[in-house]
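Next up, protein32.cif (mmCIF, N, CA and C atoms):
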```cif
data_query
#
loop_
_atom_site.label_atom_id
_atom_site.label_comp_id
_atom_site.auth_asym_id
_atom_site.auth_seq_id
_atom_site.Cartn_x
_atom_site.Cartn_y
_atom_site.Cartn_z
N MET A 5 0.84 -1.17 0.00
CA MET A 5 0.00 0.00 0.00
C MET A 5 0.89 1.24 0.00
N ILE A 6 0.45 2.26 -0.71
CA ILE A 6 1.22 3.49 -0.85
C ILE A 6 0.69 4.52 0.13
N ALA A 7 1.59 5.11 0.90
CA ALA A 7 1.20 6.16 1.84
C ALA A 7 1.15 7.50 1.12
N VAL A 8 0.02 8.19 1.25
CA VAL A 8 -0.17 9.49 0.61
C VAL A 8 -0.42 10.52 1.70
N PRO A 9 0.32 11.64 1.68
CA PRO A 9 0.08 12.68 2.70
C PRO A 9 -1.33 13.26 2.59
N LEU A 10 -1.86 13.71 3.69
CA LEU A 10 -3.21 14.25 3.71
C LEU A 10 -3.33 15.55 2.91
N ASP A 11 -2.24 16.31 2.84
CA ASP A 11 -2.28 17.55 2.07
C ASP A 11 -2.57 17.30 0.60
N SER A 12 -1.96 16.26 0.04
CA SER A 12 -2.19 15.98 -1.38
C SER A 12 -3.61 15.47 -1.62
N LEU A 13 -4.17 14.76 -0.64
CA LEU A 13 -5.57 14.32 -0.79
C LEU A 13 -6.52 15.51 -0.77
N ALA A 14 -6.23 16.51 0.04
CA ALA A 14 -7.06 17.71 0.09
C ALA A 14 -6.96 18.46 -1.24
N GLN A 15 -5.78 18.49 -1.84
CA GLN A 15 -5.63 19.15 -3.13
C GLN A 15 -6.40 18.42 -4.21
N LEU A 16 -6.42 17.10 -4.17
CA LEU A 16 -7.20 16.33 -5.15
C LEU A 16 -8.68 16.63 -5.02
N ASP A 17 -9.15 16.80 -3.81
CA ASP A 17 -10.56 17.12 -3.59
C ASP A 17 -10.90 18.47 -4.22
N VAL A 18 -10.01 19.45 -4.07
CA VAL A 18 -10.24 20.77 -4.66
C VAL A 18 -10.22 20.69 -6.17
N LEU A 19 -9.27 19.94 -6.73
CA LEU A 19 -9.19 19.80 -8.18
C LEU A 19 -10.41 19.08 -8.75
N ALA A 20 -10.93 18.12 -8.04
CA ALA A 20 -12.08 17.38 -8.52
C ALA A 20 -13.33 18.24 -8.56
N GLN A 21 -13.38 19.31 -7.76
CA GLN A 21 -14.56 20.17 -7.74
C GLN A 21 -14.52 21.25 -8.81
N ALA A 22 -13.42 21.39 -9.51
CA ALA A 22 -13.31 22.43 -10.55
C ALA A 22 -14.15 22.03 -11.76
N ASP A 23 -14.66 23.04 -12.47
CA ASP A 23 -15.43 22.78 -13.68
C ASP A 23 -14.50 22.34 -14.80
N LEU A 24 -14.95 21.35 -15.55
CA LEU A 24 -14.19 20.89 -16.70
C LEU A 24 -14.79 21.51 -17.95
N ASN A 25 -13.94 22.04 -18.81
CA ASN A 25 -14.41 22.60 -20.07
C ASN A 25 -13.31 22.46 -21.11
N THR A 26 -13.63 22.84 -22.34
CA THR A 26 -12.68 22.72 -23.43
C THR A 26 -12.28 24.08 -23.98
N VAL A 27 -12.38 25.12 -23.18
CA VAL A 27 -12.05 26.46 -23.65
C VAL A 27 -10.57 26.55 -24.01
N GLY A 28 -9.71 25.99 -23.19
CA GLY A 28 -8.28 26.04 -23.47
C GLY A 28 -7.91 25.28 -24.73
N LEU A 29 -8.51 24.12 -24.91
CA LEU A 29 -8.25 23.32 -26.11
C LEU A 29 -8.76 24.02 -27.35
N ARG A 30 -9.95 24.60 -27.27
CA ARG A 30 -10.52 25.32 -28.41
C ARG A 30 -9.66 26.51 -28.79
N GLY A 31 -9.19 27.25 -27.80
CA GLY A 31 -8.32 28.39 -28.07
C GLY A 31 -7.00 27.97 -28.68
N TRP A 32 -6.44 26.85 -28.21
CA TRP A 32 -5.19 26.38 -28.78
C TRP A 32 -5.36 25.96 -30.24
N ILE A 33 -6.46 25.29 -30.54
CA ILE A 33 -6.71 24.86 -31.92
C ILE A 33 -6.87 26.08 -32.82
N ILE A 34 -7.63 27.08 -32.37
CA ILE A 34 -7.86 28.27 -33.19
C ILE A 34 -6.57 29.06 -33.38
N ASN A 35 -5.77 29.18 -32.34
CA ASN A 35 -4.56 30.01 -32.41
C ASN A 35 -3.37 29.31 -33.06
N ASN A 36 -3.30 27.99 -32.97
CA ASN A 36 -2.10 27.29 -33.43
C ASN A 36 -2.36 26.33 -34.58
N LEU A 37 -3.32 25.45 -34.42
CA LEU A 37 -3.52 24.40 -35.41
C LEU A 37 -4.15 24.92 -36.69
N LEU A 38 -5.12 25.81 -36.58
CA LEU A 38 -5.81 26.32 -37.77
C LEU A 38 -4.87 27.10 -38.69
N PRO A 39 -4.04 28.02 -38.21
CA PRO A 39 -3.09 28.68 -39.13
C PRO A 39 -2.10 27.72 -39.76
N LEU A 40 -1.68 26.70 -39.02
CA LEU A 40 -0.76 25.72 -39.59
C LEU A 40 -1.43 24.93 -40.72
N LEU A 41 -2.68 24.56 -40.53
CA LEU A 41 -3.41 23.86 -41.58
C LEU A 41 -3.62 24.76 -42.81
N LEU A 42 -3.91 26.03 -42.59
CA LEU A 42 -4.09 26.95 -43.71
C LEU A 42 -2.78 27.12 -44.49
N LEU A 43 -1.68 27.21 -43.79
CA LEU A 43 -0.38 27.33 -44.46
C LEU A 43 -0.08 26.07 -45.26
N THR A 44 -0.40 24.91 -44.71
CA THR A 44 -0.19 23.65 -45.42
C THR A 44 -1.03 23.59 -46.69
N VAL A 45 -2.29 23.98 -46.61
CA VAL A 45 -3.16 23.98 -47.78
C VAL A 45 -2.64 24.95 -48.83
N ALA A 46 -2.21 26.12 -48.42
CA ALA A 46 -1.69 27.11 -49.38
C ALA A 46 -0.45 26.59 -50.08
N LEU A 47 0.46 25.98 -49.33
CA LEU A 47 1.67 25.43 -49.95
C LEU A 47 1.35 24.28 -50.90
N LEU A 48 0.41 23.44 -50.52
CA LEU A 48 0.02 22.35 -51.41
C LEU A 48 -0.62 22.87 -52.69
N LEU A 49 -1.45 23.90 -52.58
CA LEU A 49 -2.06 24.48 -53.79
C LEU A 49 -1.00 25.05 -54.72
N LEU A 50 -0.04 25.74 -54.16
CA LEU A 50 1.02 26.31 -54.99
C LEU A 50 1.88 25.21 -55.61
N TRP A 51 2.15 24.18 -54.85
CA TRP A 51 3.01 23.11 -55.35
C TRP A 51 2.32 22.27 -56.42
N LEU A 52 1.05 21.95 -56.20
CA LEU A 52 0.34 21.07 -57.12
C LEU A 52 -0.02 21.75 -58.44
N GLY A 53 -0.48 22.97 -58.39
CA GLY A 53 -0.97 23.60 -59.61
C GLY A 53 -0.14 24.73 -60.14
N GLY A 54 0.59 25.37 -59.28
CA GLY A 54 1.32 26.56 -59.71
C GLY A 54 2.45 26.27 -60.68
N GLY A 55 3.16 25.18 -60.48
CA GLY A 55 4.30 24.86 -61.32
C GLY A 55 3.92 24.32 -62.68
N LYS A 56 2.71 23.78 -62.83
CA LYS A 56 2.29 23.17 -64.09
C LYS A 56 1.58 24.16 -65.00
N GLY A 57 1.27 25.35 -64.51
CA GLY A 57 0.55 26.33 -65.32
C GLY A 57 -0.95 26.10 -65.35
N ASP A 58 -1.46 25.26 -64.46
CA ASP A 58 -2.90 24.97 -64.41
C ASP A 58 -3.57 25.98 -63.48
N ASN A 59 -3.66 27.21 -63.96
CA ASN A 59 -4.21 28.28 -63.12
C ASN A 59 -5.70 28.09 -62.85
N ALA A 60 -6.45 27.58 -63.82
CA ALA A 60 -7.89 27.36 -63.62
C ALA A 60 -8.12 26.29 -62.55
N GLY A 61 -7.32 25.25 -62.56
CA GLY A 61 -7.46 24.20 -61.54
C GLY A 61 -7.13 24.72 -60.16
N VAL A 62 -6.11 25.56 -60.09
CA VAL A 62 -5.74 26.15 -58.79
C VAL A 62 -6.87 27.04 -58.28
N MET A 63 -7.47 27.82 -59.14
CA MET A 63 -8.55 28.71 -58.71
C MET A 63 -9.78 27.92 -58.27
N ARG A 64 -10.06 26.78 -58.91
CA ARG A 64 -11.17 25.93 -58.47
C ARG A 64 -10.90 25.42 -57.06
N ARG A 65 -9.67 25.01 -56.82
CA ARG A 65 -9.33 24.52 -55.48
C ARG A 65 -9.37 25.65 -54.45
N VAL A 66 -8.92 26.83 -54.84
CA VAL A 66 -8.97 27.97 -53.92
C VAL A 66 -10.41 28.31 -53.57
N GLY A 67 -11.32 28.21 -54.55
CA GLY A 67 -12.74 28.43 -54.27
C GLY A 67 -13.27 27.44 -53.25
N GLY A 68 -12.86 26.18 -53.39
CA GLY A 68 -13.26 25.17 -52.40
C GLY A 68 -12.69 25.45 -51.02
N VAL A 69 -11.46 25.96 -51.00
CA VAL A 69 -10.84 26.31 -49.71
C VAL A 69 -11.58 27.47 -49.06
N PHE A 70 -12.01 28.45 -49.86
CA PHE A 70 -12.77 29.58 -49.30
C PHE A 70 -14.10 29.11 -48.70
N VAL A 71 -14.77 28.18 -49.37
CA VAL A 71 -16.02 27.64 -48.82
C VAL A 71 -15.74 26.92 -47.51
N ALA A 72 -14.67 26.13 -47.46
CA ALA A 72 -14.32 25.42 -46.23
C ALA A 72 -13.96 26.40 -45.12
N LEU A 73 -13.25 27.48 -45.46
CA LEU A 73 -12.91 28.48 -44.44
C LEU A 73 -14.15 29.19 -43.91
N ALA A 74 -15.13 29.43 -44.78
CA ALA A 74 -16.37 30.05 -44.32
C ALA A 74 -17.10 29.13 -43.34
N ILE A 75 -17.10 27.84 -43.61
CA ILE A 75 -17.75 26.88 -42.71
C ILE A 75 -17.01 26.83 -41.37
N VAL A 76 -15.69 26.82 -41.42
CA VAL A 76 -14.91 26.81 -40.17
C VAL A 76 -15.15 28.11 -39.40
N GLY A 77 -15.23 29.24 -40.11
CA GLY A 77 -15.49 30.52 -39.45
C GLY A 77 -16.84 30.54 -38.76
N LEU A 78 -17.86 29.97 -39.41
CA LEU A 78 -19.18 29.90 -38.78
C LEU A 78 -19.15 29.00 -37.55
N ALA A 79 -18.44 27.90 -37.65
CA ALA A 79 -18.38 26.97 -36.52
C ALA A 79 -17.64 27.59 -35.33
N VAL A 80 -16.59 28.34 -35.61
CA VAL A 80 -15.78 28.92 -34.53
C VAL A 80 -16.47 30.11 -33.88
N SER A 81 -17.14 30.93 -34.69
CA SER A 81 -17.74 32.15 -34.15
C SER A 81 -19.05 31.90 -33.41
N GLY A 82 -19.71 30.81 -33.70
CA GLY A 82 -21.00 30.53 -33.07
C GLY A 82 -22.16 31.20 -33.77
N ALA A 83 -21.93 31.80 -34.92
CA ALA A 83 -23.00 32.49 -35.65
C ALA A 83 -23.89 31.50 -36.42
N GLY A 84 -23.50 30.25 -36.43
CA GLY A 84 -24.29 29.24 -37.14
C GLY A 84 -25.69 29.10 -36.60
N VAL A 85 -25.87 29.29 -35.31
CA VAL A 85 -27.19 29.17 -34.70
C VAL A 85 -28.11 30.26 -35.23
N ASP A 86 -27.61 31.49 -35.31
CA ASP A 86 -28.42 32.60 -35.82
C ASP A 86 -28.77 32.39 -37.28
N ILE A 87 -27.82 31.92 -38.06
CA ILE A 87 -28.08 31.68 -39.49
C ILE A 87 -29.09 30.55 -39.65
N GLY A 88 -28.95 29.50 -38.86
CA GLY A 88 -29.92 28.41 -38.92
C GLY A 88 -31.32 28.85 -38.52
N THR A 89 -31.43 29.72 -37.52
CA THR A 89 -32.73 30.25 -37.11
C THR A 89 -33.33 31.10 -38.23
N PHE A 90 -32.51 31.89 -38.91
CA PHE A 90 -32.98 32.71 -40.01
C PHE A 90 -33.49 31.84 -41.16
N ILE A 91 -32.73 30.81 -41.52
CA ILE A 91 -33.14 29.95 -42.62
C ILE A 91 -34.41 29.18 -42.25
N ALA A 92 -34.51 28.71 -41.02
CA ALA A 92 -35.72 28.03 -40.57
C ALA A 92 -36.91 28.97 -40.59
N GLY A 93 -36.68 30.24 -40.28
CA GLY A 93 -37.76 31.23 -40.33
C GLY A 93 -38.27 31.48 -41.73
N LEU A 94 -37.45 31.26 -42.74
CA LEU A 94 -37.89 31.42 -44.13
C LEU A 94 -38.92 30.36 -44.52
N PHE A 95 -38.82 29.18 -43.92
CA PHE A 95 -39.68 28.08 -44.30
C PHE A 95 -40.83 27.85 -43.33
N SER A 96 -40.85 28.52 -42.21
CA SER A 96 -41.94 28.33 -41.26
C SER A 96 -42.94 29.46 -41.39
N SER A 97 -44.20 29.12 -41.16
CA SER A 97 -45.25 30.14 -41.23
C SER A 97 -45.73 30.43 -39.82
N SER A 98 -45.36 31.59 -39.32
CA SER A 98 -45.77 31.97 -37.98
C SER A 98 -46.44 33.33 -38.05
N GLY A 99 -47.50 33.47 -37.28
CA GLY A 99 -48.16 34.75 -37.11
C GLY A 99 -49.04 35.08 -38.19
#
```
Could you render the structure from this file as structure tokens?
Amino acid sequence: MIAVPLDSLAQLDVLAQADLNTVGLRGWIINNLLPLLLLTVALLLLWLGGGKGDNAGVMRRVGGVFVALAIVGLAVSGAGVDIGTFIAGLFSSSG
């Protein structure tokens, strides 16, 4: 059996009562992982299409990246709920 001091048990009790959330993880992903992914996509677009002269293909891919960035922006900002409520209001008949 392992002997544990009472002070450390009291600290565990305090830590167990703290609220658990993902705010720190979400902030880290937004601040670090998302720019790294965008840089990777930009370099891949330049490497795949820029050297071959396929400018139309690159622009098609860039358009797809812009759509994906808009979706990520809506997900991160939380404005998706308001947009969904607006679109639902277009199809519902109230009042």
#### Entry: One-decimal distance in Å that lies between atom C of Val66 of chain A and atom CA of Ile91 of chain A
25.3 Å
### Message
Would you pick out the contacts of Leu50 of chain A at 12 Å or less, using only C-alpha atoms, so that residues sharing its chain but fewer than 4 positions from it are not included, and give the list as a PyMOL selection string?
### Response
chain A and resi 43-46+54-59+61-63+65-66
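We find atom CA of Leu78 of chain A and atom CA of Ser97 of chain A to be spaced 26.2 Å apart.
For the pair atom CA of Ile33 of chain A and atom CA of Gly88 of chain A, the interatomic distance is 24.5 Å.
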